[in-house]
Amino acid sequence: MAHRAPGARFLEWGSASGVITIMADMVGFEAYGIELDASLVTTARALATRFASQAQFVTGSFLPTGYKRLGGDDSSETIGDGPSGYLQLGRALDDFDVVFGYPWDDDAPLMHDLMRRYGRPDALLLLNDTARGVRAFRGGRELTNRQ
């Protein structure tokens with residue numbers, strides 16, 4: 001059973017084995033995952049098939065083509081280089097209503113910057129912070145339980 005209005009799109013950055021993306025599909029989102037590791041994309045697709053999920057997975061980077069990282073530093077120990085996954089999806093970042101990411105080390109500012117520059121202002125950004133759990137942001141501002 002869907003728990004939201006039809007047509008909402010979910011994107012997972014660095015979808016790994018696809019579990020989060022598949023769960024988003026199961027609750028009614030049109031769900032997509034971008035993963036740089038092709039073997040993990042193969043695993044995610046197999047898992048989606050096993051659970052009759054319509055979730056779609058592509059191999060590539062969640063960084064849009066031409067994106068320059070904050071401060072002009074193009075190196076990252078946790079975000080690899082590869083062709084943009086958006087090209088394979090045939091969608092841009094601003095096509096998504098909800099974006100989920102699991103930032104490693106200091107990658108959260110980069111993820112916020114991506115949403116600010118390429119995402120829709122009303123889209124929901126969910127970041128799984130290892131210290132504080134999943135945190136929700138909209139328009140660059142953290143949402144609290146009171147909102």
# chains A, B, ... in the order shown; residues from 1 in each chain; ligands from 1
$ closest_atom_pairs --of "stretch 46-128 of chain A" --to "stretch 11-31 of chain A" --cutoff "6 Å" --atoms "only C-alpha atoms" --output "Markdown table"
| residue | atom | partner | partner_atom | distance |
| --- | --- | --- | --- | --- |
| A:Ala55 | CA | A:Ala31 | CA | 4.9 |
| A:Phe62 | CA | A:Trp13 | CA | 5.8 |
| A:Val99 | CA | A:Leu11 | CA | 4.8 |
| A:Phe100 | CA | A:Glu12 | CA | 4.7 |
| A:Gly101 | CA | A:Trp13 | CA | 5.1 |
$ write_last_selection --atoms "C-alpha atoms" --output "JSON list (two decimals), in the first residue's frame"
[["chain", "number", "residue", "atom", "x", "y", "z"],
["A", 55, "ALA", "CA", 13.17, 0.45, -8.30],
["A", 62, "PHE", "CA", 25.59, 11.20, -8.14],
["A", 99, "VAL", "CA", 16.80, 12.56, -1.99],
["A", 100, "PHE", "CA", 18.53, 10.26, 0.50],
["A", 101, "GLY", "CA", 22.25, 10.20, 1.18]]
$ select_by_dssp --residues "stretch 2-147 of chain A" --states "alpha helix (DSSP H)" --output "PyMOL selection string"
chain A and resi 19-26+38-50+85-89+108-118
$ atom_distance --atom1 "atom CA of A:Arg141" --atom2 "atom CA of A:Pro121"
10.4 Å
$ select_by_dssp --residues "stretch 48-139 of chain A" --states "strand (DSSP E)" --output "PyMOL selection string"
chain A and resi 56-59+98-101+124-129+133-138
$ atom_distance --atom1 "atom CA of A:Arg117" --atom2 "atom CA of A:Ala38"
27.0 Å
$ closest_residue --among "A:Leu36, A:Ala48, A:Met115, A:Val41" --to "A:Gly85" --atoms "only C-alpha atoms"
A:Leu36
$ residues_around --residues "stretch 133-140 of chain A" --least-positions-apart "4" --cutoff "8 Å" --atoms "only C-alpha atoms" --output "ChimeraX atom specification"
/A:112,115-116,121-129,144
$ write_last_selection --atoms "N, CA and C atoms" --output "PDB file, in the first residue's frame"
ATOM      1  N   HIS A 112      24.599  19.056   0.633  1.00  0.00           N
ATOM      2  CA  HIS A 112      23.768  20.266   0.763  1.00  0.00           C
ATOM      3  C   HIS A 112      23.987  21.193  -0.439  1.00  0.00           C
ATOM      4  N   MET A 115      22.129  19.958  -3.525  1.00  0.00           N
ATOM      5  CA  MET A 115      20.694  20.258  -3.476  1.00  0.00           C
ATOM      6  C   MET A 115      20.438  21.740  -3.706  1.00  0.00           C
ATOM      7  N   ARG A 116      21.268  22.586  -3.127  1.00  0.00           N
ATOM      8  CA  ARG A 116      21.097  24.031  -3.299  1.00  0.00           C
ATOM      9  C   ARG A 116      21.258  24.424  -4.761  1.00  0.00           C
ATOM     10  N   PRO A 121      13.923  23.573  -4.643  1.00  0.00           N
ATOM     11  CA  PRO A 121      13.904  24.176  -3.301  1.00  0.00           C
ATOM     12  C   PRO A 121      12.924  23.481  -2.347  1.00  0.00           C
ATOM     13  N   ASP A 122      11.858  22.893  -2.884  1.00  0.00           N
ATOM     14  CA  ASP A 122      10.874  22.238  -2.024  1.00  0.00           C
ATOM     15  C   ASP A 122      11.148  20.747  -1.830  1.00  0.00           C
ATOM     16  N   ALA A 123      12.219  20.216  -2.430  1.00  0.00           N
ATOM     17  CA  ALA A 123      12.551  18.801  -2.273  1.00  0.00           C
ATOM     18  C   ALA A 123      13.063  18.541  -0.866  1.00  0.00           C
ATOM     19  N   LEU A 124      12.847  17.322  -0.409  1.00  0.00           N
ATOM     20  CA  LEU A 124      13.294  16.894   0.911  1.00  0.00           C
ATOM     21  C   LEU A 124      14.627  16.179   0.765  1.00  0.00           C
ATOM     22  N   LEU A 125      15.629  16.610   1.531  1.00  0.00           N
ATOM     23  CA  LEU A 125      16.924  15.963   1.576  1.00  0.00           C
ATOM     24  C   LEU A 125      17.022  15.224   2.900  1.00  0.00           C
ATOM     25  N   LEU A 126      17.212  13.913   2.842  1.00  0.00           N
ATOM     26  CA  LEU A 126      17.386  13.094   4.043  1.00  0.00           C
ATOM     27  C   LEU A 126      18.829  12.639   4.097  1.00  0.00           C
ATOM     28  N   LEU A 127      19.526  12.972   5.187  1.00  0.00           N
ATOM     29  CA  LEU A 127      20.913  12.551   5.356  1.00  0.00           C
ATOM     30  C   LEU A 127      21.020  11.683   6.598  1.00  0.00           C
ATOM     31  N   ASN A 128      21.590  10.500   6.419  1.00  0.00           N
ATOM     32  CA  ASN A 128      21.781   9.586   7.537  1.00  0.00           C
ATOM     33  C   ASN A 128      23.108   9.906   8.204  1.00  0.00           C
ATOM     34  N   ASP A 129      23.035  10.644   9.270  1.00  0.00           N
ATOM     35  CA  ASP A 129      24.194  11.078  10.044  1.00  0.00           C
ATOM     36  C   ASP A 129      24.489   9.980  11.069  1.00  0.00           C
ATOM     37  N   THR A 144      12.647  20.185  12.044  1.00  0.00           N
ATOM     38  CA  THR A 144      12.589  19.648  13.393  1.00  0.00           C
ATOM     39  C   THR A 144      11.237  18.982  13.606  1.00  0.00           C
TER      40      THR A 144
END
$ atom_distance --atom1 "atom CA of A:Leu47" --atom2 "atom CA of A:Arg120"
29.7 Å
